[in-house]
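Q: Got a structure for you, questions after.
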Amino acid sequence: MLGQMMNRPLLISMIARHALKWHGRREIVSITADQPRHRYTYAEAFARAKKLSNVLVKAGMGRGDRIATLAWNDFRHFEIYYGVSCAGFVCHTINPRLFEDQIVYIVNHAEDRWLFLDPAFVPLIEKVQERLKKVERYVVLTDDAHMPATTLPNAVSYEALIANESAQCEWPEFDENTASSLCYTSGTTGDPKGVMYSHRSTVLHSLGSALPDAEDLSNNDTVLAVVPMFHVNAWGLPYTGPMVGAKLVFPGPKMGDPEALCDLIENEGVNFAAAVPTVWQGMVAYLEKSGKRPGKLQRVLSGGSAVPVALMDQLRDKYGVEVMHAWGMTENSPIGSVCSFSPEANALPREQRDALRAKQGRCVFGVEMKIVDDNDDELPHDGKAFGALKIRGPWVASSYYKREDSTAFDANGWFGTGDVATIDPLGYMQITDRTKDVIKSGGEWISSIELENLAVSHPAVAQAAVISVAHPKWQERPLLIVVPKPNQSVTREELLSFYVGKVAKWWIPDDVVFVDKLPLTATGKLSKLQLRQQFKDYRLPESQ
């Protein structure tokens, strides 16, 4: 027997229609290259998105055709999200920080027909244009007055493209499993891999993300999306924001500028923001130097890599900002867990509650999670057993786009994340390493993330990384790599003694190297791959 309920498809256009009707007056504020502070409403945004849909339909786009973006977070990029997907096409966001060869590979692999790009990236695409096999047209995200001179064929400004088009458009209904958007992993090993999201997965992810124990978003919030729209759809905020009617603030090309971000937070009344930890480290450094305060900011969502506890303490204790530690990945749309406090956690003594904040938190509804051993047997939730983290759910990828050979997806529908984790009796998951980053010393695992968090809690340390280096007896031993704070000095011996009593003696790194900066990936994460390459010939003192 089936239920007698309406079977309405879960489509991104449902989000747009809801926002237009019930939250149409809420604002979207952007910084762009041609407009330092653009401001308009959801109603105006979706009218322009419909203009874009009409342009694409008239240009002969077919259902499922891929249309690419190479752009910052701003109002035009937001319009493309909806104008493309709601019309039945696939919005393919590309990370402009990738290497040229990776961008060429991604565009060709996706077989993108059009490419929308920020003016700043015109020179980049001009260099590789002849290698882009399927691209028919280039649209520069500006108006004619600011349109750069370019050799790109069939190039047009975005404003000229949509200027004379009608805003009357009835977005079609189709199967909710239709592809809506495409993101590629950063490709730290091998070619980048494509993850094709559906309308259904996107709507469900938006619902799950907005829950109180996840991002806890509502019509009363003003959201600053620092996390790039080219990185897992800005963690879903361009969908979740309109769904709940939150005011959206986009920093455009200023996403790495702490002064500009602080100005947006203060002047736009931002109370919720999302970004990777390196952004918050830069923000705290700016606040410390300038003496400013972060306005009405109350909560920040941070993930992509482990958030140092020392950074969370500083934001909370000095600036009244709570850090919501989260975990996710491209294959998971990306939200998988958020560190919200359960009644049992709130009942713990403060010291134990604070320790929980280092963990990536509890599963968001819609995601199943487990840790397994080398035989794929599930491990206990005792907070001690380390295992490979696996997930499944309605917004988790079932395969990679045009790559059916991946071993990450098992026969029972579980996706192997590549992370190593523990889960404690209260359900709090903690990433202890990537499988490729874990240090195995004498057959025992050492968590590089825990060692890094401890190092960053030292008052003289700005950033830290721990990698494995070869050892003649133990196979691998940890090496600590440190960026000291400006005008601070610290010795090798001080840092190594700082670990005593905080971790097992055999976990303590064998040596310390001081550097001016740490390498980052295209998405702002610490690049252990580059560090391992840089120190591949490093010899520990006792090994020399």
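Chain lettering (A, B, ...) mirrors the order of the structure tokens, residue numbering begins at 1 for each chain separately, and ligand numbering begins at 1 in order of display.
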For range 312-318 of chain A, list every protein, DNA or RNA residue within 12 Å, evaluated using only C-alpha atoms, and leave out those in the same chain fewer than 3 positions away; present the list as an MDAnalysis selection string.
A: chainID A and resid 277 280:285 287:288 291:294 297:302 306:309 321:325 354:359 453 456:457 459
Q: For the selection just defined, write its residues with C-alpha atoms to a file, as a CSV table (one decimal), in the first residue's frame.
A:
```csv
chain,number,residue,atom,x,y,z
A,277,PRO,CA,40.3,27.8,9.2
A,280,TRP,CA,39.7,32.8,10.5
A,281,GLN,CA,43.4,32.7,11.4
A,282,GLY,CA,43.9,35.7,9.1
A,283,MET,CA,40.8,37.4,10.6
A,284,VAL,CA,42.0,37.0,14.2
A,285,ALA,CA,45.5,38.3,13.2
A,287,LEU,CA,41.6,42.0,14.7
A,288,GLU,CA,44.5,41.7,17.0
A,291,GLY,CA,42.0,46.4,17.7
A,292,LYS,CA,38.6,46.1,15.9
A,293,ARG,CA,35.7,43.8,16.9
A,294,PRO,CA,33.8,41.5,14.6
A,297,LEU,CA,29.2,38.0,14.3
A,298,GLN,CA,28.0,35.2,16.6
A,299,ARG,CA,28.7,31.9,14.8
A,300,VAL,CA,31.2,30.7,12.2
A,301,LEU,CA,31.1,27.4,10.4
A,302,SER,CA,34.6,26.1,9.7
A,306,ALA,CA,40.8,20.6,11.4
A,307,VAL,CA,40.2,23.9,13.3
A,308,PRO,CA,42.9,24.5,15.9
A,309,VAL,CA,41.4,24.5,19.4
A,321,VAL,CA,32.2,34.1,18.4
A,322,GLU,CA,31.4,30.4,18.6
A,323,VAL,CA,33.2,28.2,16.0
A,324,MET,CA,31.0,25.4,14.7
A,325,HIS,CA,33.5,22.7,13.8
A,354,ASP,CA,36.0,22.1,25.5
A,355,ALA,CA,37.7,18.9,24.4
A,356,LEU,CA,34.7,17.9,22.4
A,357,ARG,CA,35.1,21.1,20.3
A,358,ALA,CA,38.2,19.6,18.7
A,359,LYS,CA,36.0,16.9,17.2
A,453,ASN,CA,46.5,21.2,17.3
A,456,VAL,CA,49.3,25.7,17.5
A,457,SER,CA,48.2,26.1,21.1
A,459,PRO,CA,51.7,31.0,22.3
```
Q: Tell me which protein, DNA and RNA residues are within 8 Å of Val156 in chain A, counting only C-alpha atoms, leaving out same-chain ones fewer than 2 positions away, and put them as a PDB file with all heavy atoms, in the first residue's frame.
A:
```pdb
ATOM      1  N   TYR A 138      32.054  32.532 -24.532  1.00  0.00           N
ATOM      2  CA  TYR A 138      32.595  33.022 -23.266  1.00  0.00           C
ATOM      3  C   TYR A 138      31.798  34.248 -22.832  1.00  0.00           C
ATOM      4  O   TYR A 138      31.584  35.184 -23.622  1.00  0.00           O
ATOM      5  CB  TYR A 138      34.076  33.385 -23.417  1.00  0.00           C
ATOM      6  CG  TYR A 138      34.924  32.191 -23.795  1.00  0.00           C
ATOM      7  CD1 TYR A 138      35.129  31.847 -25.136  1.00  0.00           C
ATOM      8  CD2 TYR A 138      35.500  31.384 -22.821  1.00  0.00           C
ATOM      9  CE1 TYR A 138      35.885  30.751 -25.493  1.00  0.00           C
ATOM     10  CE2 TYR A 138      36.261  30.277 -23.160  1.00  0.00           C
ATOM     11  CZ  TYR A 138      36.450  29.962 -24.499  1.00  0.00           C
ATOM     12  OH  TYR A 138      37.199  28.866 -24.842  1.00  0.00           O
ATOM     13  N   VAL A 139      31.351  34.244 -21.592  1.00  0.00           N
ATOM     14  CA  VAL A 139      30.568  35.342 -21.040  1.00  0.00           C
ATOM     15  C   VAL A 139      31.338  35.923 -19.855  1.00  0.00           C
ATOM     16  O   VAL A 139      31.602  35.212 -18.881  1.00  0.00           O
ATOM     17  CB  VAL A 139      29.174  34.883 -20.592  1.00  0.00           C
ATOM     18  CG1 VAL A 139      28.374  36.076 -20.066  1.00  0.00           C
ATOM     19  CG2 VAL A 139      28.430  34.202 -21.740  1.00  0.00           C
ATOM     20  N   VAL A 140      31.695  37.202 -19.956  1.00  0.00           N
ATOM     21  CA  VAL A 140      32.483  37.856 -18.912  1.00  0.00           C
ATOM     22  C   VAL A 140      31.529  38.532 -17.928  1.00  0.00           C
ATOM     23  O   VAL A 140      30.635  39.298 -18.332  1.00  0.00           O
ATOM     24  CB  VAL A 140      33.463  38.881 -19.508  1.00  0.00           C
ATOM     25  CG1 VAL A 140      34.331  39.492 -18.406  1.00  0.00           C
ATOM     26  CG2 VAL A 140      34.352  38.193 -20.557  1.00  0.00           C
ATOM     27  N   ASN A 154      33.641  34.917 -29.581  1.00  0.00           N
ATOM     28  CA  ASN A 154      32.226  35.045 -29.195  1.00  0.00           C
ATOM     29  C   ASN A 154      32.054  35.551 -27.765  1.00  0.00           C
ATOM     30  O   ASN A 154      31.074  35.231 -27.099  1.00  0.00           O
ATOM     31  CB  ASN A 154      31.490  33.702 -29.340  1.00  0.00           C
ATOM     32  CG  ASN A 154      31.457  33.219 -30.776  1.00  0.00           C
ATOM     33  OD1 ASN A 154      31.252  34.021 -31.683  1.00  0.00           O
ATOM     34  ND2 ASN A 154      31.670  31.927 -30.975  1.00  0.00           N
ATOM     35  N   TYR A 158      28.199  39.840 -19.482  1.00  0.00           N
ATOM     36  CA  TYR A 158      27.000  39.215 -18.914  1.00  0.00           C
ATOM     37  C   TYR A 158      25.799  40.147 -19.008  1.00  0.00           C
ATOM     38  O   TYR A 158      24.690  39.729 -19.356  1.00  0.00           O
ATOM     39  CB  TYR A 158      27.273  38.850 -17.456  1.00  0.00           C
ATOM     40  CG  TYR A 158      26.120  38.201 -16.735  1.00  0.00           C
ATOM     41  CD1 TYR A 158      25.875  36.840 -16.863  1.00  0.00           C
ATOM     42  CD2 TYR A 158      25.274  38.952 -15.912  1.00  0.00           C
ATOM     43  CE1 TYR A 158      24.821  36.231 -16.183  1.00  0.00           C
ATOM     44  CE2 TYR A 158      24.221  38.357 -15.227  1.00  0.00           C
ATOM     45  CZ  TYR A 158      23.996  36.996 -15.373  1.00  0.00           C
ATOM     46  OH  TYR A 158      22.951  36.409 -14.710  1.00  0.00           O
ATOM     47  N   ALA A 160      25.223  42.582 -21.109  1.00  0.00           N
ATOM     48  CA  ALA A 160      24.738  42.694 -22.487  1.00  0.00           C
ATOM     49  C   ALA A 160      23.986  41.433 -22.894  1.00  0.00           C
ATOM     50  O   ALA A 160      23.001  41.490 -23.645  1.00  0.00           O
ATOM     51  CB  ALA A 160      25.905  42.945 -23.434  1.00  0.00           C
ATOM     52  N   LEU A 161      24.426  40.284 -22.398  1.00  0.00           N
ATOM     53  CA  LEU A 161      23.807  39.006 -22.753  1.00  0.00           C
ATOM     54  C   LEU A 161      22.347  38.956 -22.332  1.00  0.00           C
ATOM     55  O   LEU A 161      21.488  38.481 -23.081  1.00  0.00           O
ATOM     56  CB  LEU A 161      24.581  37.860 -22.097  1.00  0.00           C
ATOM     57  CG  LEU A 161      24.060  36.441 -22.352  1.00  0.00           C
ATOM     58  CD1 LEU A 161      24.430  35.994 -23.764  1.00  0.00           C
ATOM     59  CD2 LEU A 161      24.626  35.469 -21.322  1.00  0.00           C
TER      60      LEU A 161
END
```
Q: Just want the 8 Å neighbourhood of range 465-480 of chain A, counted on only C-alpha atoms, with same-chain residues fewer than 2 positions away dropped. Output as a PyMOL selection string.
A: chain A and resi 437-443+448-449+451-452+463+482+507-513+518+526+528+531-532+535-536+538-540+543
Q: Could you pull out all residues of range 14-226 of chain A with a DSSP call of alpha helix (DSSP H) and give them as a PyMOL selection string?
A: chain A and resi 14-22+42-58+75-85+100-110+122-128+158-162+199-210
Q: So which residues touch range 57-74 of chain A within 8 Å, counting only C-alpha atoms, skipping near sequence neighbours fewer than 3 positions away, as a PyMOL selection string?
A: chain A and resi 29-32+53-54+77-78+84+87-96+107+110-118+121+178-180+225-226+228-230+250-253
Q: Can you tell me, as a ChimeraX atom specification, what residues are no more than 6 Å from Gly361 in chain A when counting only C-alpha atoms, ignoring any on the same chain fewer than 3 positions away?
A: /A:337-339,428-429
Q: Can you pull out the residues contacting Ser218 in chain A? Cut-off 9 Å, using only C-alpha atoms, and skip same-chain residues under 6 positions away; I want them as number ranges by chain.
A: A: 210, 241, 243-246
Q: Within 12 Å of Leu124 in chain A, counting only C-alpha atoms, which residues show up once you throw out same-chain ones fewer than 4 positions away? Write them as a PyMOL selection string, please.
A: chain A and resi 70+96-101+103-104+117-120+128-130+150-152
Q: A:Asp144, A:Asp377, A:Glu404, A:Glu176: which is nearest Leu204 in chain A, counting only C-alpha atoms?
A: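 Of all the options, A:Glu176 lies closest to Leu204 in chain A.
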Q: Ranking A:Glu165, A:Asp410, A:Glu268, A:Glu159 by minimum distance to Ile28 in chain A and counting only C-alpha atoms, which one comes first?
A: A:Glu268
Q: Using DSSP on the backbone coordinates, identify all residues within range 379-530 of chain A classified as strand (DSSP E or B); present the result as a PyMOL selection string.
A: chain A and resi 387-392+400+403+409+415-423+429-434+439-441+444-446+461-471+475-484+500+503+511-514+520+526
Q: Go ahead and compute the interatomic distance for CA of Glu27 in chain A and CA of Gly303 in chain A, in Å to one decimal.
A: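 For CA of Glu27 in chain A relative to CA of Gly303 in chain A, the distance reads 26.3 Å.
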